[in-house]
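Okay, input-v3.csv now, which holds CSV, C-alpha atoms and all ligand atoms:
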chain,number,residue,atom,x,y,z
F,771,MET,CA,51.0,64.9,-10.4
F,772,SER,CA,53.8,62.3,-10.4
F,773,LEU,CA,55.7,61.2,-7.3
F,774,LYS,CA,59.3,62.5,-7.8
F,775,VAL,CA,61.5,59.5,-6.9
F,776,GLY,CA,65.3,59.4,-6.3
F,777,VAL,CA,67.0,56.0,-6.6
F,778,ILE,CA,70.2,55.1,-4.8
F,779,GLY,CA,72.1,52.2,-6.2
F,780,VAL,CA,71.5,51.6,-9.9
F,781,GLY,CA,72.7,48.0,-10.4
F,782,MET,CA,70.6,45.1,-11.5
F,783,ILE,CA,67.5,45.7,-9.4
F,784,GLY,CA,67.8,49.5,-9.3
F,785,GLN,CA,67.7,49.5,-13.1
F,786,ASP,CA,64.8,47.0,-13.2
F,787,HIS,CA,62.8,49.1,-10.7
F,788,ILE,CA,63.6,52.3,-12.7
F,789,ARG,CA,62.3,50.5,-15.9
F,790,ARG,CA,59.0,49.6,-14.2
F,791,LEU,CA,58.5,53.0,-12.5
F,792,THR,CA,59.1,54.8,-15.8
F,793,THR,CA,57.6,52.4,-18.4
F,794,VAL,CA,55.1,50.1,-16.7
F,795,LEU,CA,53.6,51.7,-13.6
F,796,VAL,CA,51.7,55.0,-13.2
F,797,GLY,CA,52.2,58.0,-10.9
F,798,ALA,CA,56.0,58.2,-10.6
F,799,GLU,CA,59.0,59.7,-12.3
F,800,ILE,CA,62.7,59.3,-11.6
F,801,VAL,CA,64.1,62.8,-10.9
F,802,ALA,CA,67.5,61.7,-9.4
F,803,VAL,CA,69.9,58.8,-9.2
F,804,SER,CA,73.1,58.1,-7.3
F,805,ASP,CA,75.6,55.2,-7.2
F,806,VAL,CA,79.1,54.8,-5.8
F,807,ASP,CA,79.9,53.9,-9.4
F,808,GLU,CA,79.2,57.4,-10.8
F,809,ALA,CA,79.8,56.4,-14.4
F,810,ARG,CA,77.0,53.8,-14.0
F,811,ALA,CA,74.7,56.4,-12.5
F,812,THR,CA,75.4,58.8,-15.3
F,813,GLN,CA,74.7,56.1,-17.9
F,814,VAL,CA,71.5,55.0,-16.2
F,815,ALA,CA,70.2,58.6,-15.9
F,816,ALA,CA,70.9,59.2,-19.6
F,817,GLY,CA,68.9,56.1,-20.5
F,818,ILE,CA,65.8,57.1,-18.6
F,819,SER,CA,62.6,57.5,-20.7
F,820,GLY,CA,62.3,60.8,-22.5
F,821,ALA,CA,58.6,60.9,-21.6
F,822,GLN,CA,59.6,62.2,-18.1
F,823,VAL,CA,58.7,65.7,-17.2
F,824,HIS,CA,62.0,66.4,-15.4
F,825,ALA,CA,65.6,65.5,-16.5
F,826,THR,CA,67.1,63.0,-14.1
F,827,GLN,CA,69.9,64.5,-11.9
F,828,VAL,CA,72.9,62.5,-10.9
F,829,HIS,CA,74.0,63.1,-7.3
F,830,ALA,CA,77.5,62.4,-6.0
F,831,THR,CA,76.2,60.7,-2.8
F,832,GLY,CA,73.0,59.1,-1.6
F,833,GLU,CA,72.8,61.6,1.2
F,834,ALA,CA,72.8,64.5,-1.3
F,835,LEU,CA,70.1,62.8,-3.3
F,836,ILE,CA,67.9,62.4,-0.2
F,837,ALA,CA,68.4,66.1,0.8
F,838,ALA,CA,67.6,67.4,-2.7
F,839,ASP,CA,64.4,69.5,-2.8
F,840,GLU,CA,63.1,67.8,-6.0
F,841,VAL,CA,63.2,64.3,-4.4
F,842,GLU,CA,59.9,63.5,-2.7
F,843,ALA,CA,60.5,59.8,-2.1
F,844,VAL,CA,63.5,57.5,-2.1
F,845,GLY,CA,64.3,54.0,-3.5
F,846,VAL,CA,67.3,52.3,-1.9
F,847,THR,CA,68.6,49.6,-4.1
F,848,SER,CA,72.3,49.6,-3.2
F,849,TRP,CA,74.0,46.6,-1.4
F,850,GLY,CA,72.5,45.5,1.9
F,851,PRO,CA,75.1,46.8,4.3
F,852,THR,CA,74.6,50.3,2.9
F,853,HIS,CA,70.8,50.4,3.5
F,854,GLU,CA,70.8,51.5,7.1
F,855,ALA,CA,72.4,54.9,6.6
F,856,TYR,CA,70.2,55.8,3.6
F,857,VAL,CA,67.0,54.7,5.3
F,858,LEU,CA,67.9,56.7,8.4
F,859,ALA,CA,68.6,59.8,6.3
F,860,ALA,CA,65.3,59.4,4.4
F,861,ILE,CA,63.4,59.2,7.7
F,862,ALA,CA,65.3,62.2,9.1
F,863,ALA,CA,64.2,64.1,5.9
F,864,GLY,CA,60.6,62.9,6.4
F,865,LYS,CA,60.6,61.2,3.0
F,866,PRO,CA,58.9,57.9,2.2
F,867,VAL,CA,61.5,55.2,1.3
F,868,PHE,CA,61.3,51.9,-0.5
F,869,CYS,CA,64.2,49.8,0.7
F,870,GLU,CA,65.1,46.6,-1.1
F,871,LYS,CA,65.7,43.7,1.2
F,872,PRO,CA,67.4,43.2,3.5
F,873,LEU,CA,66.3,46.3,5.4
F,874,ALA,CA,69.8,46.1,7.0
F,875,THR,CA,72.2,43.3,7.7
F,876,THR,CA,72.2,43.4,11.5
F,877,GLN,CA,69.3,43.5,14.0
F,878,ARG,CA,70.9,46.5,15.7
F,879,ALA,CA,70.8,48.5,12.4
F,880,CYS,CA,67.1,47.5,11.9
F,881,LEU,CA,66.3,48.6,15.5
F,882,ASN,CA,68.0,52.0,14.7
F,883,ILE,CA,65.6,52.4,11.8
F,884,ILE,CA,62.6,51.3,13.9
F,885,GLU,CA,63.5,53.8,16.6
F,886,ALA,CA,63.8,56.6,14.1
F,887,GLU,CA,60.5,55.7,12.4
F,888,VAL,CA,58.7,55.4,15.7
F,889,ALA,CA,60.1,58.8,16.8
F,890,PHE,CA,58.9,60.3,13.5
F,891,GLY,CA,55.5,59.1,14.4
F,892,ARG,CA,54.2,57.3,11.2
F,893,ARG,CA,55.4,54.6,8.8
F,894,LEU,CA,57.7,55.9,6.0
F,895,VAL,CA,59.5,52.6,5.2
F,896,GLN,CA,58.5,49.8,2.9
F,897,VAL,CA,60.8,46.8,2.6
F,898,GLY,CA,61.2,44.9,-0.7
F,899,PHE,CA,59.8,41.5,0.3
F,900,MET,CA,58.1,41.1,-3.0
F,901,ARG,CA,57.0,37.5,-2.6
F,902,ARG,CA,54.1,38.9,-0.5
F,903,TYR,CA,52.8,40.4,-3.8
F,904,ASP,CA,53.2,37.2,-5.9
F,905,ALA,CA,49.9,35.7,-7.1
F,906,ALA,CA,51.0,32.1,-6.3
F,907,TYR,CA,52.2,33.0,-2.7
F,908,ARG,CA,48.9,34.9,-2.2
F,909,SER,CA,46.9,31.8,-3.2
F,910,LEU,CA,49.0,29.7,-0.9
F,911,LYS,CA,48.2,32.1,2.0
F,912,ALA,CA,44.6,32.1,1.1
F,913,ALA,CA,44.6,28.2,1.2
F,914,VAL,CA,46.0,28.4,4.7
F,915,SER,CA,43.6,31.1,5.9
F,916,GLU,CA,40.6,29.3,4.4
F,917,GLY,CA,41.1,26.5,7.1
F,918,SER,CA,40.7,23.2,5.2
F,919,LEU,CA,44.3,22.3,5.6
F,920,GLY,CA,44.0,22.4,9.4
F,921,THR,CA,46.7,23.9,11.5
F,922,PRO,CA,50.0,24.3,9.6
F,923,LEU,CA,52.6,21.9,10.8
F,924,PHE,CA,55.4,22.3,8.2
F,925,PHE,CA,56.4,24.9,5.6
F,926,HIS,CA,58.9,23.5,3.2
F,927,SER,CA,60.7,26.2,1.2
F,928,VAL,CA,63.2,25.8,-1.7
F,929,HIS,CA,65.1,28.7,-3.0
F,930,ARG,CA,67.5,28.0,-5.9
F,931,ASN,CA,69.5,30.5,-8.0
F,932,ALA,CA,71.2,29.4,-11.2
F,933,SER,CA,74.2,31.4,-10.1
F,934,VAL,CA,75.2,34.5,-8.0
F,935,PRO,CA,77.3,37.5,-8.8
F,936,PRO,CA,81.1,37.7,-7.9
F,937,HIS,CA,80.5,39.9,-4.8
F,938,TYR,CA,78.2,37.2,-3.2
F,939,VAL,CA,79.8,35.8,-0.1
F,940,SER,CA,78.7,32.9,2.2
F,941,ALA,CA,76.8,35.1,4.7
F,942,MET,CA,74.6,36.4,1.8
F,943,ALA,CA,73.1,32.9,1.6
F,944,ILE,CA,71.4,33.9,4.8
F,945,ASN,CA,71.2,37.7,4.7
F,946,ASP,CA,70.5,38.2,1.1
F,947,THR,CA,68.8,34.9,0.0
F,948,ALA,CA,67.2,33.1,2.9
F,949,THR,CA,65.8,36.4,4.2
F,950,HIS,CA,63.0,36.0,1.6
F,951,ASP,CA,62.1,32.5,2.9
F,952,ILE,CA,62.2,33.7,6.5
F,953,ASP,CA,59.8,36.6,5.7
F,954,ILE,CA,57.4,34.6,3.6
F,955,ALA,CA,57.3,31.9,6.3
F,956,ARG,CA,56.3,34.6,8.9
F,957,TRP,CA,53.7,36.0,6.5
F,958,LEU,CA,52.2,32.7,5.4
F,959,LEU,CA,52.0,31.3,8.9
F,960,ASP,CA,51.2,34.6,10.6
F,961,ASP,CA,53.8,33.5,13.1
F,962,GLU,CA,57.3,34.3,14.4
F,963,ILE,CA,60.5,32.2,14.2
F,964,GLU,CA,61.7,31.1,17.6
F,965,SER,CA,64.9,29.1,16.8
F,966,VAL,CA,67.1,28.2,13.9
F,967,THR,CA,69.5,25.4,13.1
F,968,VAL,CA,71.7,25.4,10.0
F,969,MET,CA,73.3,22.5,8.2
F,970,HIS,CA,75.4,22.1,5.1
F,971,PRO,CA,75.5,19.0,3.0
F,972,LYS,CA,78.6,18.1,0.9
F,973,ARG,CA,79.6,21.4,-0.9
F,974,SER,CA,78.5,21.8,-4.5
F,975,ARG,CA,81.5,21.6,-6.9
F,976,ARG,CA,80.0,24.7,-8.5
F,977,ALA,CA,80.1,26.7,-5.3
F,978,GLY,CA,83.5,28.3,-5.6
F,979,ALA,CA,84.4,30.1,-2.4
F,980,VAL,CA,80.7,30.3,-1.2
F,981,SER,CA,79.4,27.8,1.3
F,982,ASP,CA,76.6,26.2,-0.8
F,983,PRO,CA,74.1,24.6,-0.5
F,984,THR,CA,72.7,25.6,2.9
F,985,PHE,CA,69.8,24.0,4.8
F,986,LEU,CA,67.9,25.8,7.6
F,987,ILE,CA,65.4,24.3,10.1
F,988,MET,CA,63.3,26.8,12.1
F,989,ARG,CA,60.7,26.4,14.8
F,990,THR,CA,57.9,28.9,15.1
F,991,ALA,CA,56.2,30.3,18.2
F,992,LYS,CA,53.0,28.4,17.2
F,993,GLY,CA,55.0,25.1,16.9
F,994,ALA,CA,55.4,24.7,13.2
F,995,LEU,CA,58.6,23.6,11.6
F,996,VAL,CA,60.0,25.5,8.6
F,997,ASP,CA,62.8,24.1,6.5
F,998,VAL,CA,64.6,26.0,3.7
F,999,GLU,CA,67.0,24.7,1.1
F,1000,ILE,CA,69.2,27.5,-0.3
F,1001,SER,CA,71.1,26.5,-3.4
F,1002,VAL,CA,72.7,29.4,-5.2
F,1003,ASN,CA,74.7,27.6,-7.9
F,1004,ILE,CA,72.1,25.2,-9.2
F,1005,ALA,CA,72.8,26.0,-12.9
F,1006,TYR,CA,69.5,24.9,-14.4
F,1007,GLY,CA,67.5,28.1,-13.6
F,1008,TYR,CA,65.7,30.0,-10.9
F,1009,ASP,CA,63.5,27.6,-9.0
F,1010,ILE,CA,61.2,28.7,-6.1
F,1011,ARG,CA,59.1,26.1,-4.3
F,1012,GLY,CA,56.9,26.1,-1.2
F,1013,GLU,CA,54.6,23.7,0.4
F,1014,ILE,CA,52.5,24.0,3.6
F,1015,VAL,CA,51.6,20.8,5.3
F,1016,GLY,CA,48.6,21.0,7.6
F,1017,GLU,CA,46.8,18.5,9.9
F,1018,THR,CA,44.3,17.7,7.2
F,1019,GLY,CA,45.7,18.8,3.9
F,1020,THR,CA,48.6,20.3,2.0
F,1021,ALA,CA,49.0,23.3,-0.4
F,1022,ALA,CA,52.0,23.9,-2.7
F,1023,LEU,CA,53.1,26.5,-5.2
F,1024,ALA,CA,52.6,25.1,-8.7
F,1025,GLU,CA,55.3,25.2,-11.4
F,1026,SER,CA,55.5,28.8,-12.6
F,1027,ASN,CA,55.8,27.5,-16.2
F,1028,PRO,CA,52.6,28.4,-18.1
F,1029,VAL,CA,53.0,25.9,-21.0
F,1030,VAL,CA,53.9,22.2,-21.0
F,1031,ILE,CA,55.5,21.1,-24.3
F,1032,LYS,CA,55.3,17.4,-25.3
F,1033,ASP,CA,57.7,16.2,-27.9
F,1034,ASP,CA,60.3,13.4,-28.5
F,1035,GLY,CA,58.6,11.1,-26.0
F,1036,ALA,CA,59.1,13.6,-23.2
F,1037,PHE,CA,57.4,16.7,-21.7
F,1038,ARG,CA,59.1,19.9,-20.7
F,1039,GLY,CA,58.6,23.5,-19.8
F,1040,HIS,CA,60.4,26.8,-19.2
F,1041,ILE,CA,62.3,27.6,-16.0
F,1042,PRO,CA,62.8,31.3,-15.2
F,1043,ALA,CA,66.4,32.5,-15.6
F,1044,ASP,CA,66.4,34.6,-12.4
F,1045,TRP,CA,64.3,36.6,-9.9
F,1046,ARG,CA,63.6,39.4,-12.5
F,1047,GLU,CA,61.6,36.9,-14.6
F,1048,ARG,CA,60.0,34.8,-11.9
F,1049,PHE,CA,58.7,37.7,-9.8
F,1050,ILE,CA,58.2,40.3,-12.6
F,1051,ASP,CA,54.5,40.8,-11.8
F,1052,ALA,CA,55.1,40.8,-8.0
F,1053,TYR,CA,57.6,43.6,-8.3
F,1054,ASP,CA,55.1,45.6,-10.4
F,1055,VAL,CA,52.3,45.2,-7.8
F,1056,GLU,CA,54.7,45.9,-5.0
F,1057,LEU,CA,56.1,49.1,-6.5
F,1058,GLN,CA,52.7,50.4,-7.6
F,1059,ALA,CA,51.4,50.0,-4.0
F,1060,TRP,CA,54.5,51.9,-2.8
F,1061,VAL,CA,54.0,54.7,-5.3
F,1062,ARG,CA,50.4,55.1,-4.1
F,1063,ALA,CA,51.3,55.1,-0.4
F,1064,ALA,CA,54.3,57.3,-0.8
F,1065,ALA,CA,52.3,59.9,-2.8
F,1066,SER,CA,50.2,60.3,0.4
F,1067,GLY,CA,53.4,60.6,2.5
F,1068,GLY,CA,53.3,57.1,4.0
F,1069,ALA,CA,54.2,53.4,3.4
F,1070,THR,CA,52.4,50.1,3.1
F,1071,GLY,CA,53.2,46.4,3.0
F,1072,PRO,CA,56.3,44.9,4.6
F,1073,SER,CA,57.5,47.2,7.3
F,1074,SER,CA,60.6,48.0,9.3
F,1075,TRP,CA,59.3,45.5,11.8
F,1076,ASP,CA,59.3,42.8,9.2
F,1077,GLY,CA,62.8,43.8,8.1
F,1078,TYR,CA,63.9,43.6,11.8
F,1079,ALA,CA,62.2,40.2,12.5
F,1080,ALA,CA,63.9,38.7,9.4
F,1081,ALA,CA,67.3,40.2,10.5
F,1082,VAL,CA,67.0,38.7,13.9
F,1083,THR,CA,66.5,35.2,12.4
F,1084,CYS,CA,69.3,35.8,9.9
F,1085,GLU,CA,71.7,36.8,12.7
F,1086,ALA,CA,70.6,33.7,14.7
F,1087,ALA,CA,71.3,31.6,11.6
F,1088,LEU,CA,74.7,33.0,11.2
F,1089,ALA,CA,75.4,32.3,14.9
F,1090,ALA,CA,74.1,28.8,14.3
F,1091,ILE,CA,76.5,28.2,11.4
F,1092,GLU,CA,79.4,29.5,13.7
F,1093,SER,CA,78.5,27.3,16.7
F,1094,GLY,CA,76.8,24.3,15.0
F,1095,ALA,CA,74.1,24.6,17.7
F,1096,THR,CA,70.4,25.5,17.5
F,1097,VAL,CA,70.1,29.3,18.3
F,1098,ALA,CA,67.0,30.9,19.8
F,1099,THR,CA,65.8,34.2,18.5
F,1100,HIS,CA,64.6,37.1,20.7
F,1101,LEU,CA,62.5,40.0,19.4
F,1102,VAL,CA,62.0,43.3,21.3
F,1103,GLU,CA,58.5,44.4,22.1
F,1104,ARG,CA,56.6,45.3,19.0
F,1105,PRO,CA,56.0,49.0,18.8
F,1106,SER,CA,52.3,49.9,18.2
F,1107,LEU,CA,53.3,51.6,14.9
F,1108,TYR,CA,53.6,48.0,13.6
F,1109,ALA,CA,50.6,46.6,15.4
F,1110,GLU,CA,48.8,45.2,12.3
F,1111,GLY,CA,50.4,41.7,12.5
F,1112,ASN,CA,52.6,39.9,9.8
F,1113,ALA,CA,49.7,39.7,7.3
Y,1201,LIG,P1,74.1,45.1,-7.8
Y,1201,LIG,O1,75.5,44.8,-7.4
Y,1201,LIG,O2,73.7,44.7,-9.2
Y,1201,LIG,O3,73.7,46.7,-7.7
Y,1201,LIG,C1,74.0,47.4,-6.5
Y,1201,LIG,C2,74.4,48.8,-6.9
Y,1201,LIG,O4,74.6,49.5,-5.7
Y,1201,LIG,C3,75.7,48.8,-7.7
Y,1201,LIG,O5,75.6,49.7,-8.8
Y,1201,LIG,C4,76.7,49.5,-6.7
Y,1201,LIG,O6,77.7,50.2,-7.3
Y,1201,LIG,C5,75.8,50.3,-5.8
Y,1201,LIG,N1,76.3,50.6,-4.5
Y,1201,LIG,C6,77.0,49.9,-3.7
Y,1201,LIG,N2,77.2,50.5,-2.5
Y,1201,LIG,C7,76.7,51.8,-2.7
Y,1201,LIG,C8,76.6,52.9,-1.8
Y,1201,LIG,N3,77.1,52.9,-0.6
Y,1201,LIG,N4,75.9,54.0,-2.3
Y,1201,LIG,C9,75.3,53.9,-3.5
Y,1201,LIG,N5,75.4,52.9,-4.3
Y,1201,LIG,C10,76.0,51.8,-3.9
Y,1201,LIG,O7,73.1,44.4,-6.8
Y,1201,LIG,P2,71.6,44.1,-6.9
Y,1201,LIG,O8,71.4,42.7,-7.3
Y,1201,LIG,O9,70.9,45.2,-7.7
Y,1201,LIG,O10,71.1,44.2,-5.4
Y,1201,LIG,C11,70.9,45.4,-4.7
Y,1201,LIG,C12,70.0,45.3,-3.5
Y,1201,LIG,O11,68.7,44.8,-4.0
Y,1201,LIG,C13,70.5,44.3,-2.5
Y,1201,LIG,O12,70.1,44.7,-1.2
Y,1201,LIG,C14,69.8,43.0,-2.9
Y,1201,LIG,O13,69.6,42.1,-1.8
Y,1201,LIG,C15,68.4,43.5,-3.4
Y,1201,LIG,N6,67.8,42.6,-4.4
Y,1201,LIG,C16,66.5,42.2,-4.1
Y,1201,LIG,C17,65.9,41.4,-5.0
Y,1201,LIG,C18,64.5,40.9,-4.8
Y,1201,LIG,O14,64.2,39.8,-5.3
Y,1201,LIG,N7,63.7,41.6,-4.0
Y,1201,LIG,C19,66.6,40.9,-6.1
Y,1201,LIG,C20,67.9,41.4,-6.3
Y,1201,LIG,C21,68.5,42.2,-5.4
Y,1202,LIG,C1,68.8,38.5,-4.5
Y,1202,LIG,O1,69.3,39.6,-3.9
Y,1202,LIG,C2,67.3,38.4,-4.4
Y,1202,LIG,O2,66.7,39.0,-3.6
Y,1202,LIG,C3,66.7,37.2,-5.1
Y,1202,LIG,O3,65.3,37.2,-5.0
Y,1202,LIG,C4,67.3,36.0,-4.5
Y,1202,LIG,O4,66.8,34.8,-5.2
Y,1202,LIG,C5,68.8,36.0,-4.6
Y,1202,LIG,O5,69.3,34.8,-3.9
Y,1202,LIG,C6,69.4,37.2,-3.9
Y,1202,LIG,O6,70.8,37.2,-4.0
Show this structure as structure tokens.
Ligand code: NAD
Ligand code: ISE
Amino acid sequence: MSLKVGVIGVGMIGQDHIRRLTTVLVGAEIVAVSDVDEARATQVAAGISGAQVHATQVHATGEALIAADEVEAVGVTSWGPTHEAYVLAAIAAGKPVFCEKPLATTQRACLNIIEAEVAFGRRLVQVGFMRRYDAAYRSLKAAVSEGSLGTPLFFHSVHRNASVPPHYVSAMAINDTATHDIDIARWLLDDEIESVTVMHPKRSRRAGAVSDPTFLIMRTAKGALVDVEISVNIAYGYDIRGEIVGETGTAALAESNPVVIKDDGAFRGHIPADWRERFIDAYDVELQAWVRAAASGGATGPSSWDGYAAAVTCEAALAAIESGATVATHLVERPSLYAEGNA
């Protein structure tokens, strides 16, 4: 029996997740789609693999898709500010939901989701922090846990996009892009962010209306410093870097390029074009884990709490940009539903 999934928001990542759910992974089929761009939803539904048991229905609204009897689990891959309403509706319907990051764009919205999930009584929400499923990040975490680096003192994170789409605005450098680095820092260090400072160097001439690049410095509860470079118009490719510096050793993500070519007196390799290429395997592992958990009526991996904790830091970072000051973060008490830690 396949898990019958409905997907809300069928843009870049919605279509990429539909591709993997229908042609790469096992145990799921796409029975419904919805998008505010109805023509796009209709086109995507028509293109879904003929191997499916059921034809894919197009729903006029995300709410109608969630309410549909044939939909057993929901994927939310629309824009960040629209996530809260859909995740709340999925929880109200008792349906497992995979929500792309950010869980929501304000901490209040994330708390609304947490309160609804806690009232429901078990986890239904998985947040799309796919870096936690990436083999290189998993090795980095294993190197930290193994202990030979000593206590982590710094995490240096670099997040470079070749370019971003036209709807990308300055706040998205924090809410949409840095949210990954914030989550992965919490996960790698098994720690919480306590304060954040944000600086901007000279603006890149490629930045257009977006404030770019951006540099964040965060202090964690255990006393480590996390710095994050966000560059979203770097032109040369999608470049993700990370290094942990401990008291007695360091560990860093290697280049993702698998082959080094030497010619013409130089050496070179391939740089991924975007997130779809760099994290292709991580998304596969992430979504397969979701299908398995959702088929049993639950959720696994990054939780609403993780989405909330990231949103709190993002909100503090946006306040830090506004004021120019270091801004402290404050988390509510962690509900026992999310007791398992950041790991
Ligand atoms: P996109 O613009 O390509 O697609 C978004 C789609 O959502 C569009 O088709 C749009 O019409 C639709 N949409 C907007 N508002 C809607 C609403 N209220 N109801 C239904 N549909 C609506 O954007 P994208 O790059 O696919 O990003 C979508 C989400 O996925 C964002 O939250 C983004 O942060 C996240 N994302 C995550 C990763 C990752 O690495 N995990 C990568 C890319 C995008
Ligand atoms: C996008 O939404 C993603 O999540 C990508 O992983 C990230 O690199 C990009 O900056 C975001 O806009």
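Minimum atom-to-atom distances from F:Pro935, F:Gly1094, F:Gly917, F:Gly891 to Tyr1108 (chain F) were compared using all atoms listed in the file, and the lowest value belongs to F:Gly891.
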Could you make a table, as CSV, of the residues of chain F that have an atom within 7 Å of an atom of ligand LIG 1201 (chain Y), each with its nearest atom pair and distance in Å to one decimal, counting only C-alpha atoms and all ligand atoms, in chain and number order?
residue,atom,partner,partner_atom,distance
F:Ile778,CA,Y:LIG1201,C9,5.4
F:Gly779,CA,Y:LIG1201,O4,3.7
F:Val780,CA,Y:LIG1201,O5,4.7
F:Gly781,CA,Y:LIG1201,O3,3.2
F:Met782,CA,Y:LIG1201,O9,3.8
F:Ile783,CA,Y:LIG1201,O9,3.8
F:Gly784,CA,Y:LIG1201,O9,5.5
F:Ser804,CA,Y:LIG1201,C9,6.1
F:Asp805,CA,Y:LIG1201,N5,3.7
F:Val806,CA,Y:LIG1201,N5,4.4
F:Asp807,CA,Y:LIG1201,O6,4.8
F:Arg810,CA,Y:LIG1201,O5,6.8
F:Thr831,CA,Y:LIG1201,N4,6.7
F:Gly832,CA,Y:LIG1201,N4,5.9
F:Thr847,CA,Y:LIG1201,C12,4.6
F:Ser848,CA,Y:LIG1201,O4,3.4
F:Trp849,CA,Y:LIG1201,C13,4.3
F:Gly850,CA,Y:LIG1201,O12,4.0
F:Thr852,CA,Y:LIG1201,N3,5.0
F:Glu870,CA,Y:LIG1201,O11,5.0
F:Lys871,CA,Y:LIG1201,O12,5.1
F:Pro872,CA,Y:LIG1201,O12,5.6
F:Gly898,CA,Y:LIG1201,N7,5.3
F:Phe899,CA,Y:LIG1201,N7,5.8
F:Met900,CA,Y:LIG1201,N7,5.7
F:Asp946,CA,Y:LIG1201,O13,4.9
F:Trp1045,CA,Y:LIG1201,O14,5.6
Output file for the residues above (C-alpha atoms, as an mmCIF file, in the frame of the given file):
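Below you can see out.cif, which holds the result:
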data_model
loop_
_atom_site.group_PDB
_atom_site.id
_atom_site.type_symbol
_atom_site.label_atom_id
_atom_site.label_comp_id
_atom_site.auth_asym_id
_atom_site.auth_seq_id
_atom_site.Cartn_x
_atom_site.Cartn_y
_atom_site.Cartn_z
ATOM 1 C CA ILE F 778 70.200 55.100 -4.800
ATOM 2 C CA GLY F 779 72.100 52.200 -6.200
ATOM 3 C CA VAL F 780 71.500 51.600 -9.900
ATOM 4 C CA GLY F 781 72.700 48.000 -10.400
ATOM 5 C CA MET F 782 70.600 45.100 -11.500
ATOM 6 C CA ILE F 783 67.500 45.700 -9.400
ATOM 7 C CA GLY F 784 67.800 49.500 -9.300
ATOM 8 C CA SER F 804 73.100 58.100 -7.300
ATOM 9 C CA ASP F 805 75.600 55.200 -7.200
ATOM 10 C CA VAL F 806 79.100 54.800 -5.800
ATOM 11 C CA ASP F 807 79.900 53.900 -9.400
ATOM 12 C CA ARG F 810 77.000 53.800 -14.000
ATOM 13 C CA THR F 831 76.200 60.700 -2.800
ATOM 14 C CA GLY F 832 73.000 59.100 -1.600
ATOM 15 C CA THR F 847 68.600 49.600 -4.100
ATOM 16 C CA SER F 848 72.300 49.600 -3.200
ATOM 17 C CA TRP F 849 74.000 46.600 -1.400
ATOM 18 C CA GLY F 850 72.500 45.500 1.900
ATOM 19 C CA THR F 852 74.600 50.300 2.900
ATOM 20 C CA GLU F 870 65.100 46.600 -1.100
ATOM 21 C CA LYS F 871 65.700 43.700 1.200
ATOM 22 C CA PRO F 872 67.400 43.200 3.500
ATOM 23 C CA GLY F 898 61.200 44.900 -0.700
ATOM 24 C CA PHE F 899 59.800 41.500 0.300
ATOM 25 C CA MET F 900 58.100 41.100 -3.000
ATOM 26 C CA ASP F 946 70.500 38.200 1.100
ATOM 27 C CA TRP F 1045 64.300 36.600 -9.900
#
Between CA of Glu1056 (chain F) and CA of Tyr1008 (chain F), distance in Å (one decimal):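 Computing the Euclidean distance for CA of Glu1056 (chain F) and CA of Tyr1008 (chain F) yields 20.2 Å.
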Exercise answer, 7 Å around ligand LIG 1202 (chain Y) with all atoms listed in the file, as a PyMOL selection string: chain F and resi 871+929-931+934+942-943+946-947+1002+1045
Nearby residues (only C-alpha atoms) at most 8 Å from Ala991 (chain F), same-chain spacing under 4 positions excluded, as a count of residues only: 4
Shell around Thr984 (chain F) at 10 Å using only C-alpha atoms, local window under 4 positions removed, as a PyMOL selection string: chain F and resi 940+943-944+948+968-973+998-1002+1091
Distance of CA of Ile861 (chain F) from CA of Val777 (chain F), expressed in Å to one decimal place: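 So the two atoms, CA of Val777 (chain F) and CA of Ile861 (chain F), lie 15.1 Å apart.
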Atomic distance CA of Val966 (chain F) - CA of Tyr1078 (chain F), expressed in Å with one decimal: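 Computing the Euclidean distance for CA of Val966 (chain F) and CA of Tyr1078 (chain F) yields 15.9 Å.
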Spatial neighbours of region 797-800 of chain F, max dist 12 Å, all atoms listed in the file, sep filter under 4 positions, as a ChimeraX atom specification: /F:771-778,780,784-785,787-793,804,814-828,835,840-845,1057-1066
Residue with smallest distance to Phe985 (chain F) - pool F:Ala886, F:Leu923, F:Ala1098, F:Ala1090, counting all atoms listed in the file: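 Among the listed residues, F:Ala1090 lies closest to Phe985 (chain F).
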Pick from F:Ala1021, F:Ala1005, F:Leu873, F:Val1055 nearest to Leu795 (chain F), counting all atoms listed in the file: F:Val1055
Exercise: Arg1038 (chain F) partners within 12 Å, all atoms listed in the file, chain neighbours under 3 positions left out, as a PyMOL selection string: chain F and resi 1025+1027-1035+1041
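Among F:Ala862, F:Val996, F:Val803, F:Leu1023, the residue with the shortest atom-to-atom distance to Leu910 (chain F), counting all atoms listed in the file, is F:Leu1023.
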Neighbours of point (58.7, 52.1, 9.4) within 9 Å, using all atoms listed in the file, written as a ChimeraX atom specification: /F:861,883-888,892-897,1069,1072-1075,1107-1108
